[in-house]
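The data block below is data_17.txt; it holds compact mmCIF, C-alpha atoms (C1' of nucleotides).
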```txt
# COMPACT_ATOMS: atom_id res chain seq x y z
CA MET A 1 -22.24 12.10 -26.02
CA THR A 2 -22.61 9.37 -23.42
CA SER A 3 -21.79 6.32 -25.47
CA GLN A 4 -23.98 3.76 -23.60
CA GLN A 5 -27.29 3.29 -25.43
CA ILE A 6 -27.69 -0.48 -25.57
CA PRO A 7 -28.74 -1.89 -22.19
CA HIS A 8 -26.37 -4.33 -20.53
CA ARG A 9 -27.22 -7.91 -19.77
CA ALA A 10 -29.24 -8.50 -16.62
CA ASP A 11 -26.50 -10.39 -14.83
CA ARG A 12 -24.08 -7.59 -15.48
CA ARG A 13 -26.38 -5.06 -13.86
CA ARG A 14 -27.00 -7.37 -10.94
CA ASN A 15 -23.31 -7.99 -10.40
CA ARG A 16 -22.59 -4.32 -10.59
CA GLU A 17 -25.03 -3.68 -7.77
CA ARG A 18 -23.54 -6.48 -5.70
CA LEU A 19 -20.09 -5.04 -6.18
CA LEU A 20 -21.21 -1.59 -5.15
CA ALA A 21 -22.98 -2.92 -2.07
CA ALA A 22 -19.91 -4.91 -1.05
CA ALA A 23 -17.67 -1.94 -1.74
CA ALA A 24 -19.84 0.30 0.43
CA GLU A 25 -19.41 -2.08 3.36
CA ILE A 26 -15.71 -2.69 3.01
CA VAL A 27 -14.84 0.92 2.24
CA ALA A 28 -16.85 2.09 5.25
CA ARG A 29 -14.66 -0.16 7.35
CA ASP A 30 -11.26 0.27 5.69
CA GLY A 31 -11.37 3.59 3.89
CA ALA A 32 -10.15 4.40 0.42
CA SER A 33 -7.38 1.80 0.46
CA ALA A 34 -9.79 -1.09 1.00
CA SER A 35 -8.77 -4.33 -0.69
CA LEU A 36 -10.44 -4.70 -4.07
CA GLU A 37 -10.01 -8.47 -3.84
CA GLU A 38 -11.92 -8.49 -0.59
CA ILE A 39 -14.71 -6.43 -2.10
CA ALA A 40 -15.00 -8.92 -4.96
CA ARG A 41 -14.98 -11.84 -2.52
CA ARG A 42 -17.66 -10.24 -0.39
CA ALA A 43 -19.75 -9.75 -3.52
CA GLY A 44 -19.29 -13.42 -4.36
CA LEU A 45 -17.57 -12.56 -7.63
CA GLY A 46 -14.11 -12.91 -9.09
CA SER A 47 -11.80 -9.97 -8.86
CA ALA A 48 -11.52 -9.90 -12.65
CA THR A 49 -15.18 -9.02 -12.76
CA LEU A 50 -14.65 -6.11 -10.44
CA HIS A 51 -11.89 -4.81 -12.68
CA ARG A 52 -14.09 -5.23 -15.74
CA HIS A 53 -16.85 -3.18 -14.14
CA PHE A 54 -14.70 -0.43 -12.67
CA SER A 55 -11.61 0.64 -14.52
CA SER A 56 -9.84 1.86 -11.39
CA ARG A 57 -10.15 2.18 -7.65
CA GLU A 58 -11.15 5.82 -8.11
CA ALA A 59 -13.91 4.90 -10.54
CA LEU A 60 -15.33 2.41 -8.05
CA LEU A 61 -15.18 4.88 -5.18
CA ALA A 62 -16.81 7.56 -7.28
CA GLU A 63 -19.77 5.24 -7.86
CA VAL A 64 -19.93 4.23 -4.22
CA PHE A 65 -20.20 7.81 -3.09
CA HIS A 66 -22.29 9.06 -5.99
CA GLU A 67 -25.60 9.14 -4.15
CA GLY A 68 -24.24 10.93 -1.10
CA VAL A 69 -22.53 13.52 -3.25
CA GLU A 70 -25.74 14.07 -5.16
CA ARG A 71 -27.56 14.69 -1.89
CA LEU A 72 -24.95 17.23 -0.87
CA ALA A 73 -25.44 19.02 -4.16
CA VAL A 74 -29.21 19.15 -3.70
CA ARG A 75 -28.75 20.40 -0.17
CA GLY A 76 -26.45 23.13 -1.43
CA ARG A 77 -28.91 24.40 -3.98
CA GLU A 78 -31.58 24.36 -1.30
CA LEU A 79 -29.44 26.39 1.09
CA ASN A 80 -28.59 28.86 -1.61
CA GLU A 81 -32.24 29.65 -2.09
CA THR A 82 -33.38 29.65 1.51
CA VAL A 83 -30.50 31.02 3.54
CA GLY A 84 -28.74 33.54 1.31
CA GLY A 85 -25.29 34.87 2.15
CA ASP A 86 -24.65 32.47 5.02
CA GLY A 87 -25.52 29.45 2.91
CA LEU A 88 -21.92 28.94 1.83
CA ALA A 89 -20.59 28.68 5.36
CA VAL A 90 -23.37 26.35 6.43
CA TRP A 91 -22.94 24.15 3.40
CA LEU A 92 -19.16 23.98 3.68
CA GLU A 93 -19.56 22.87 7.24
CA GLU A 94 -22.04 20.17 6.32
CA LEU A 95 -19.86 19.08 3.42
CA THR A 96 -16.78 18.86 5.58
CA ARG A 97 -18.52 17.04 8.38
CA TYR A 98 -20.09 14.54 6.00
CA THR A 99 -16.81 14.01 4.20
CA ALA A 100 -14.95 13.49 7.48
CA THR A 101 -17.59 11.00 8.59
CA THR A 102 -17.74 8.92 5.44
CA ARG A 103 -14.55 6.89 5.23
CA GLY A 104 -12.87 7.06 1.86
CA LEU A 105 -14.90 9.97 0.57
CA ALA A 106 -12.33 12.63 1.41
CA VAL A 107 -9.76 11.13 -0.91
CA SER A 108 -12.36 10.63 -3.65
CA LEU A 109 -13.35 14.28 -3.61
CA ARG A 110 -9.84 15.31 -4.43
CA PRO A 111 -10.04 16.27 -8.08
CA THR A 112 -7.78 14.37 -10.47
CA GLU A 113 -6.74 15.13 -14.02
CA ALA A 114 -9.35 12.80 -15.52
CA ASP A 115 -12.03 14.23 -13.28
CA SER A 116 -14.10 11.53 -11.65
CA SER A 117 -17.19 13.77 -11.66
CA CYS A 118 -17.59 13.59 -7.89
CA HIS A 119 -15.83 16.91 -7.71
CA GLY A 120 -17.57 18.50 -10.70
CA VAL A 121 -21.09 18.51 -9.30
CA LEU A 122 -20.00 20.01 -6.01
CA ALA A 123 -17.89 22.65 -7.71
CA ASP A 124 -20.96 23.93 -9.53
CA VAL A 125 -23.02 24.17 -6.36
CA ALA A 126 -20.16 25.77 -4.49
CA ALA A 127 -19.79 28.37 -7.23
CA ASP A 128 -23.43 29.39 -6.86
CA LEU A 129 -23.19 29.58 -3.08
CA ALA A 130 -20.00 31.60 -3.37
CA ALA A 131 -21.60 34.06 -5.77
CA THR A 132 -24.44 34.61 -3.32
CA ALA A 133 -21.99 35.01 -0.43
CA VAL A 134 -19.94 37.56 -2.34
CA GLY A 135 -23.12 39.46 -3.17
CA ALA A 136 -24.03 39.50 0.52
CA GLY A 137 -20.59 40.77 1.51
CA ARG A 138 -19.74 37.57 3.35
CA LEU A 139 -16.93 36.33 1.12
CA ARG A 140 -13.91 38.11 -0.32
CA PRO A 141 -14.39 38.17 -4.08
CA GLU A 142 -10.82 37.10 -4.81
CA VAL A 143 -11.30 33.78 -3.04
CA THR A 144 -11.50 30.94 -5.56
CA VAL A 145 -14.14 28.26 -5.37
CA ASP A 146 -11.45 25.69 -6.04
CA ASP A 147 -9.43 26.95 -3.10
CA LEU A 148 -12.47 26.88 -0.87
CA LEU A 149 -13.17 23.28 -1.78
CA ALA A 150 -9.52 22.36 -1.47
CA LEU A 151 -9.48 23.79 2.03
CA ALA A 152 -12.61 21.90 3.05
CA ASN A 153 -11.15 18.79 1.48
CA GLY A 154 -7.84 19.11 3.28
CA ILE A 155 -9.61 19.51 6.58
CA ALA A 156 -11.79 16.50 5.88
CA ILE A 157 -8.83 14.34 4.89
CA ARG A 158 -6.99 15.28 8.02
CA ALA A 159 -10.05 14.90 10.25
CA GLU A 160 -11.34 11.66 8.72
CA GLY A 161 -13.17 9.82 11.46
CA ASP A 162 -13.45 12.84 13.76
CA PRO A 163 -16.39 15.02 12.74
CA GLU A 164 -16.03 17.32 15.76
CA LEU A 165 -12.49 18.15 14.75
CA ALA A 166 -13.59 18.66 11.17
CA THR A 167 -16.26 21.10 12.24
CA ARG A 168 -13.95 23.05 14.55
CA LEU A 169 -11.27 23.35 11.90
CA LEU A 170 -13.65 24.47 9.22
CA ARG A 171 -15.14 27.16 11.44
CA MET A 172 -11.69 28.30 12.41
CA ALA A 173 -10.71 28.61 8.78
CA ILE A 174 -13.87 30.43 7.79
CA ASN A 175 -13.58 32.95 10.62
CA GLY A 176 -9.83 33.27 10.77
CA VAL A 177 -7.84 32.98 13.97
CA ALA A 178 -7.68 36.63 15.04
CA PRO A 179 -9.91 37.81 17.89
CA ARG A 180 -13.22 39.35 16.84
CA THR A 181 -12.69 43.09 16.71
CA MET B 1 15.00 6.96 30.38
CA THR B 2 16.34 6.49 26.87
CA SER B 3 17.34 2.86 27.04
CA GLN B 4 20.29 2.92 24.59
CA GLN B 5 23.56 3.27 26.47
CA ILE B 6 25.83 0.71 24.83
CA PRO B 7 26.96 1.86 21.39
CA HIS B 8 25.96 -0.25 18.43
CA ARG B 9 28.41 -2.02 16.20
CA ALA B 10 30.03 0.04 13.48
CA ASP B 11 28.43 -1.83 10.61
CA ARG B 12 25.02 -1.33 12.15
CA ARG B 13 25.49 2.42 12.32
CA ARG B 14 26.83 2.47 8.76
CA ASN B 15 23.90 0.46 7.44
CA ARG B 16 21.47 2.67 9.28
CA GLU B 17 22.88 5.71 7.52
CA ARG B 18 22.74 3.96 4.17
CA LEU B 19 19.12 3.06 4.74
CA LEU B 20 18.23 6.61 5.70
CA ALA B 21 20.00 8.02 2.65
CA ALA B 22 18.24 5.58 0.36
CA ALA B 23 14.92 6.28 2.05
CA ALA B 24 15.37 10.02 1.59
CA GLU B 25 15.80 9.51 -2.16
CA ILE B 26 12.96 7.09 -2.70
CA VAL B 27 10.53 8.90 -0.42
CA ALA B 28 11.28 12.19 -2.16
CA ARG B 29 10.25 10.50 -5.38
CA ASP B 30 7.33 8.33 -4.23
CA GLY B 31 6.02 9.92 -1.06
CA ALA B 32 5.03 8.23 2.17
CA SER B 33 3.93 5.01 0.48
CA ALA B 34 7.35 4.35 -1.05
CA SER B 35 8.30 0.68 -1.31
CA LEU B 36 10.37 -0.42 1.66
CA GLU B 37 11.84 -3.22 -0.43
CA GLU B 38 13.08 -0.71 -2.95
CA ILE B 39 14.65 1.41 -0.23
CA ALA B 40 16.52 -1.62 1.07
CA ARG B 41 17.63 -2.55 -2.46
CA ARG B 42 18.85 0.97 -3.12
CA ALA B 43 20.81 0.83 0.13
CA GLY B 44 22.37 -2.45 -1.00
CA LEU B 45 20.89 -4.28 1.97
CA GLY B 46 18.29 -6.96 2.56
CA SER B 47 14.80 -5.87 3.45
CA ALA B 48 15.02 -7.81 6.71
CA THR B 49 17.75 -5.42 7.77
CA LEU B 50 15.54 -2.47 7.11
CA HIS B 51 12.81 -3.97 9.26
CA ARG B 52 15.28 -4.67 12.02
CA HIS B 53 16.46 -1.06 12.02
CA PHE B 54 13.05 0.58 11.78
CA SER B 55 10.11 -1.05 13.44
CA SER B 56 7.58 0.49 11.09
CA ARG B 57 7.19 2.70 8.07
CA GLU B 58 6.33 5.59 10.36
CA ALA B 59 9.47 5.10 12.41
CA LEU B 60 11.58 5.21 9.25
CA LEU B 61 9.85 8.31 7.95
CA ALA B 62 10.22 10.03 11.29
CA GLU B 63 13.99 9.53 11.10
CA VAL B 64 14.14 10.63 7.49
CA PHE B 65 12.44 13.91 8.30
CA HIS B 66 14.02 14.43 11.70
CA GLU B 67 16.57 16.99 10.61
CA GLY B 68 14.13 19.12 8.66
CA VAL B 69 11.67 19.10 11.52
CA GLU B 70 14.41 20.15 13.88
CA ARG B 71 15.24 23.08 11.64
CA LEU B 72 11.60 24.13 11.64
CA ALA B 73 11.61 24.05 15.42
CA VAL B 74 14.71 26.23 15.61
CA ARG B 75 13.22 28.63 13.11
CA GLY B 76 10.06 28.85 15.21
CA ARG B 77 11.91 29.74 18.38
CA GLU B 78 13.87 32.32 16.40
CA LEU B 79 10.69 33.90 15.03
CA ASN B 80 9.11 33.94 18.46
CA GLU B 81 11.94 36.07 19.77
CA THR B 82 12.42 38.40 16.82
CA VAL B 83 8.98 38.96 15.34
CA GLY B 84 6.56 38.81 18.25
CA GLY B 85 2.82 38.50 17.70
CA ASP B 86 3.04 37.85 13.97
CA GLY B 87 5.56 35.07 14.43
CA LEU B 88 2.87 32.40 14.61
CA ALA B 89 1.37 33.30 11.26
CA VAL B 90 4.75 33.50 9.57
CA TRP B 91 5.88 30.21 11.05
CA LEU B 92 2.68 28.38 10.21
CA GLU B 93 3.08 29.51 6.64
CA GLU B 94 6.67 28.33 6.46
CA LEU B 95 5.73 25.06 8.13
CA THR B 96 2.89 24.44 5.74
CA ARG B 97 4.89 25.35 2.67
CA TYR B 98 7.80 23.16 3.72
CA THR B 99 5.48 20.29 4.54
CA ALA B 100 3.71 20.60 1.22
CA THR B 101 7.04 20.65 -0.60
CA THR B 102 8.62 17.68 1.12
CA ARG B 103 6.92 14.55 -0.15
CA GLY B 104 5.85 12.19 2.61
CA LEU B 105 6.33 14.66 5.42
CA ALA B 106 2.72 15.72 5.64
CA VAL B 107 1.56 12.23 6.53
CA SER B 108 4.40 11.82 9.02
CA LEU B 109 3.45 14.96 10.91
CA ARG B 110 0.04 13.57 11.61
CA PRO B 111 0.27 12.60 15.27
CA THR B 112 -0.42 8.94 16.07
CA GLU B 113 -1.19 7.26 19.38
CA ALA B 114 2.43 6.14 19.89
CA ASP B 115 3.69 9.59 19.01
CA SER B 116 6.57 9.45 16.59
CA SER B 117 8.12 12.57 18.14
CA CYS B 118 8.02 14.48 14.86
CA HIS B 119 4.87 16.08 16.09
CA GLY B 120 6.00 16.62 19.67
CA VAL B 121 8.82 19.07 18.97
CA LEU B 122 6.67 21.19 16.72
CA ALA B 123 3.80 21.22 19.19
CA ASP B 124 6.08 22.78 21.82
CA VAL B 125 7.29 25.51 19.48
CA ALA B 126 3.78 26.16 18.26
CA ALA B 127 2.58 26.51 21.83
CA ASP B 128 5.17 29.23 22.52
CA LEU B 129 4.33 31.08 19.32
CA ALA B 130 0.64 30.82 20.10
CA ALA B 131 1.14 32.23 23.60
CA THR B 132 2.97 35.21 22.15
CA ALA B 133 0.28 35.70 19.52
CA VAL B 134 -2.49 35.60 22.12
CA GLY B 135 -0.58 38.13 24.19
CA ALA B 136 -0.31 40.41 21.18
CA GLY B 137 -4.03 40.13 20.47
CA ARG B 138 -3.45 38.28 17.19
CA LEU B 139 -4.94 34.92 18.13
CA ARG B 140 -8.20 34.04 19.82
CA PRO B 141 -7.31 32.47 23.17
CA GLU B 142 -9.74 29.58 22.78
CA VAL B 143 -7.96 28.29 19.70
CA THR B 144 -6.05 25.11 20.49
CA VAL B 145 -2.48 24.57 19.38
CA ASP B 146 -3.43 21.06 18.31
CA ASP B 147 -6.19 22.41 16.13
CA LEU B 148 -3.86 24.95 14.60
CA LEU B 149 -1.36 22.25 13.72
CA ALA B 150 -4.09 19.95 12.49
CA LEU B 151 -5.31 22.68 10.17
CA ALA B 152 -1.84 23.35 8.80
CA ASN B 153 -1.35 19.62 8.43
CA GLY B 154 -4.61 19.10 6.58
CA ILE B 155 -3.73 21.87 4.18
CA ALA B 156 -0.28 20.43 3.60
CA ILE B 157 -1.62 16.92 2.99
CA ARG B 158 -4.10 18.23 0.50
CA ALA B 159 -1.59 20.57 -1.19
CA GLU B 160 1.31 18.10 -1.26
CA GLY B 161 3.41 19.03 -4.26
CA ASP B 162 1.85 22.46 -4.73
CA PRO B 163 3.45 24.99 -2.36
CA GLU B 164 1.60 27.94 -3.90
CA LEU B 165 -1.72 26.29 -3.14
CA ALA B 166 -0.54 25.45 0.36
CA THR B 167 0.42 29.05 1.01
CA ARG B 168 -2.84 30.43 -0.36
CA LEU B 169 -4.93 28.05 1.70
CA LEU B 170 -3.06 28.74 4.89
CA ARG B 171 -3.40 32.48 4.50
CA MET B 172 -7.06 32.08 3.73
CA ALA B 173 -7.56 30.04 6.88
CA ILE B 174 -5.60 32.44 9.07
CA ASN B 175 -7.46 35.48 7.82
CA GLY B 176 -10.88 33.96 7.31
CA VAL B 177 -12.90 34.33 4.15
CA ALA B 178 -14.97 37.40 5.00
CA PRO B 179 -14.03 40.74 3.41
CA ARG B 180 -11.79 42.95 5.52
CA THR B 181 -14.03 45.29 7.45
C1' DG C 1 47.53 -12.26 15.77
C1' DG C 2 44.01 -15.70 16.88
C1' DA C 3 39.97 -17.45 18.80
C1' DC C 4 35.53 -16.70 20.66
C1' DT C 5 30.87 -14.68 21.11
C1' DA C 6 27.32 -11.52 20.88
C1' DT C 7 25.69 -8.89 17.17
C1' DA C 8 24.16 -8.29 12.68
C1' DT C 9 22.97 -9.85 8.03
C1' DG C 10 20.18 -11.71 3.94
C1' DG C 11 18.14 -15.54 1.26
C1' DG C 12 14.06 -17.11 0.82
C1' DG C 13 9.30 -18.43 2.63
C1' DT C 14 4.49 -16.99 3.65
C1' DG C 15 0.56 -14.57 2.75
C1' DG C 16 -1.55 -10.87 0.57
C1' DG C 17 -2.85 -7.47 -3.20
C1' DC C 18 -3.36 -5.77 -8.10
C1' DC C 19 -4.19 -6.65 -12.69
C1' DC C 20 -5.15 -9.43 -16.68
C1' DC C 21 -5.45 -13.55 -20.07
C1' DC C 22 -8.24 -16.87 -21.98
C1' DG C 23 -11.09 -21.03 -21.70
C1' DT C 24 -15.85 -21.57 -20.01
C1' DT C 25 -20.56 -20.35 -18.84
C1' DT C 26 -24.79 -17.86 -19.55
C1' DG C 27 -28.24 -14.48 -21.07
C1' DT C 28 -30.69 -13.03 -25.12
C1' DC C 29 -32.97 -13.02 -29.37
C1' DG C 30 -34.33 -14.81 -33.61
C1' DC D 1 -34.28 -24.34 -29.19
C1' DG D 2 -30.00 -23.07 -31.08
C1' DA D 3 -26.32 -19.85 -31.87
C1' DC D 4 -23.64 -16.09 -30.62
C1' DA D 5 -22.21 -12.21 -28.19
C1' DA D 6 -21.63 -10.97 -23.49
C1' DA D 7 -19.93 -11.86 -19.15
C1' DC D 8 -17.47 -14.61 -15.83
C1' DG D 9 -13.56 -16.47 -12.90
C1' DG D 10 -9.56 -19.61 -12.10
C1' DG D 11 -5.23 -18.90 -11.93
C1' DG D 12 -0.68 -16.75 -13.35
C1' DG D 13 2.66 -12.89 -13.16
C1' DC D 14 4.46 -9.55 -10.52
C1' DC D 15 5.14 -6.74 -6.45
C1' DC D 16 4.87 -5.96 -1.55
C1' DA D 17 5.44 -6.42 3.85
C1' DC D 18 7.15 -9.07 7.27
C1' DC D 19 9.82 -12.65 9.44
C1' DC D 20 12.79 -17.09 10.44
C1' DC D 21 17.08 -19.04 10.89
C1' DA D 22 21.48 -20.40 8.96
C1' DT D 23 25.55 -17.69 8.08
C1' DA D 24 28.98 -14.01 8.53
C1' DT D 25 31.56 -10.67 11.10
C1' DA D 26 32.97 -6.78 14.48
C1' DG D 27 34.75 -6.33 18.78
C1' DT D 28 37.26 -8.21 22.66
C1' DC D 29 40.38 -10.68 25.55
C1' DC D 30 44.50 -13.09 25.77
```
Any chance you could put this one into structure tokens?
Amino acid sequence: MTSQQIPHRADRRRNRERLLAAAAEIVARDGASASLEEIARRAGLGSATLHRHFSSREALLAEVFHEGVERLAVRGRELNETVGGDGLAVWLEELTRYTATTRGLAVSLRPTEADSSCHGVLADVAADLAATAVGAGRLRPEVTVDDLLALANGIAIRAEGDPELATRLLRMAINGVAPRT
Amino acid sequence: MTSQQIPHRADRRRNRERLLAAAAEIVARDGASASLEEIARRAGLGSATLHRHFSSREALLAEVFHEGVERLAVRGRELNETVGGDGLAVWLEELTRYTATTRGLAVSLRPTEADSSCHGVLADVAADLAATAVGAGRLRPEVTVDDLLALANGIAIRAEGDPELATRLLRMAINGVAPRT
DNA sequence: GGACTATATGGGGTGGGCCCCCGTTTGTCG
DNA sequence: CGACAAACGGGGGCCCACCCCATATAGTCC
């Protein structure tokens, strides 16, 4: 299905890496609305090249964050096997904190119509964790995985740059605001 | 304290209203990142005039949404007197739904260092509602009003354009995700 | 009503960003 | 080493935010 068999030219691969490295720097500083021109400049390449490599800002960001998202997915599967019913809450907290810490990621995790795959991987992991949590009586069965991720995402967007806030809000949302009975 | 005693010239006031009307239209269509140039064009005025009337995009948006925010504040005080302990939950839901429905508002309600006053009014009302809710045993006392508003705001930002989603997420966050015991 | 002045306006400049065309360079493979 | 497909980037088109300063005009005082 993936239509890329023939390997690209060496310079293309090299330039791609340069662009991603530059993007990582600039996006870390400026967030999701970082200037694409500046990224290209920092990479020592023309902006046309950037556009040829990445069809859109979202596509570029998805690549920039790919590794981190992959790590979160691995971590989720790990938690699901070691922790059990509480894994979901722990993972959501780590996800939210990481997302709030990594400038630009929050926006990229928002699923779009032409899904940029960032979301897809996490949705799978979240579904597994949610199933375990429901089994352990820690999660209402009618709660959707999409809603759970949307909530974590909203918190992370709002709390971008303030991981303490992100953590507090996520815990509040998981536990509700009523006093413990 | 408010430094504006002398009334402005009639044309200034008229132009200000035209700008606000145009801004309301364009922002409703394009959200918080609407083109200021286009707003000025729609108002039949030069963009310099817009900049002279509103020192920043935020300042313009704050004025655009001022009336709606005021209504929310009134509604909150009303709920606090008629409903009692549940008023907070009801109001937060209405706030979140309204914010998610009104394009551009979510971003404007995010408090900034030089507070644009949109947030201030609501924070007062929320504080009263929260006090009542704590008194009625419906809200944990250690929950901050700022956190509560931040949560509602995050949800609204994320759910902009989808009031059903906004409502679901807010309820989920208020009640927590664990099964009812 | 007319003249004067502080107040207000807008054309257009500057600097930037996004996106893309097309003439040029460069890697690759026979 | 030569030829060709692959990749590049200068620069143009278009839009934006923001601001300067020459011009226009509302309000006022006689």
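From CA of Glu67 (chain A) back to CA of Cys118 (chain A), the distance works out to 9.9 Å.
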Please identify every residue of chain C that has at least one atom no farther than 8 Å from an atom of chain A, counting only C-alpha atoms (C1' of nucleotides), and for each give the shortest atom pair and the distance in Å to one decimal, arranged by chain then increasing number, as CSV.
```
residue,atom,partner,partner_atom,distance
C:DG17,C1',A:Ser35,CA,7.2
C:DC19,C1',A:His51,CA,7.9
C:DC20,C1',A:Ala48,CA,7.6
C:DG27,C1',A:Arg9,CA,6.8
```
In terms of all atoms listed in the file, the residue from B:Val64, B:Ala123, B:Ile174, B:Ala159 at minimal distance from chain A is B:Ile174
At most 9 Å to chain A: residues in chain D, all atoms listed in the file, as an MDAnalysis selection string: chainID D and resid 6:10
Closest of A:Arg158, A:Gly176, A:Ile6, A:Thr96 to Ser108 (chain B), counting only C-alpha atoms, is A:Arg158
- Item | Distance filter 12 Å, all atoms listed in the file, chain B against chain A, as a ChimeraX atom specification | /B:33,85-86,88-89,100,106-111,130,133-160,162,164-181
Could I see region 124-135 of chain B restored to N, CA and C atoms, set down as a JSON list (two decimals), keeping the file's coordinate frame?
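And here's selection02.json as it stands now:
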```
[["chain", "number", "residue", "atom", "x", "y", "z"],
["B", 124, "ASP", "N", 5.50, 21.89, 20.80],
["B", 124, "ASP", "CA", 6.08, 22.78, 21.82],
["B", 124, "ASP", "C", 6.32, 24.17, 21.25],
["B", 125, "VAL", "N", 7.01, 24.22, 20.11],
["B", 125, "VAL", "CA", 7.29, 25.51, 19.48],
["B", 125, "VAL", "C", 6.01, 26.25, 19.17],
["B", 126, "ALA", "N", 5.04, 25.52, 18.61],
["B", 126, "ALA", "CA", 3.78, 26.16, 18.26],
["B", 126, "ALA", "C", 3.10, 26.73, 19.49],
["B", 127, "ALA", "N", 3.21, 26.02, 20.60],
["B", 127, "ALA", "CA", 2.58, 26.51, 21.83],
["B", 127, "ALA", "C", 3.19, 27.85, 22.25],
["B", 128, "ASP", "N", 4.51, 27.96, 22.16],
["B", 128, "ASP", "CA", 5.17, 29.23, 22.52],
["B", 128, "ASP", "C", 4.72, 30.34, 21.58],
["B", 129, "LEU", "N", 4.75, 30.07, 20.29],
["B", 129, "LEU", "CA", 4.33, 31.08, 19.32],
["B", 129, "LEU", "C", 2.88, 31.51, 19.57],
["B", 130, "ALA", "N", 2.05, 30.51, 19.88],
["B", 130, "ALA", "CA", 0.64, 30.82, 20.10],
["B", 130, "ALA", "C", 0.48, 31.70, 21.34],
["B", 131, "ALA", "N", 1.22, 31.40, 22.39],
["B", 131, "ALA", "CA", 1.14, 32.23, 23.60],
["B", 131, "ALA", "C", 1.49, 33.67, 23.28],
["B", 132, "THR", "N", 2.58, 33.86, 22.54],
["B", 132, "THR", "CA", 2.97, 35.21, 22.15],
["B", 132, "THR", "C", 1.87, 35.88, 21.33],
["B", 133, "ALA", "N", 1.32, 35.13, 20.39],
["B", 133, "ALA", "CA", 0.28, 35.70, 19.52],
["B", 133, "ALA", "C", -0.96, 36.09, 20.32],
["B", 134, "VAL", "N", -1.34, 35.26, 21.27],
["B", 134, "VAL", "CA", -2.49, 35.60, 22.12],
["B", 134, "VAL", "C", -2.18, 36.87, 22.90],
["B", 135, "GLY", "N", -0.97, 36.94, 23.45],
["B", 135, "GLY", "CA", -0.58, 38.13, 24.19],
["B", 135, "GLY", "C", -0.65, 39.39, 23.35]]
```
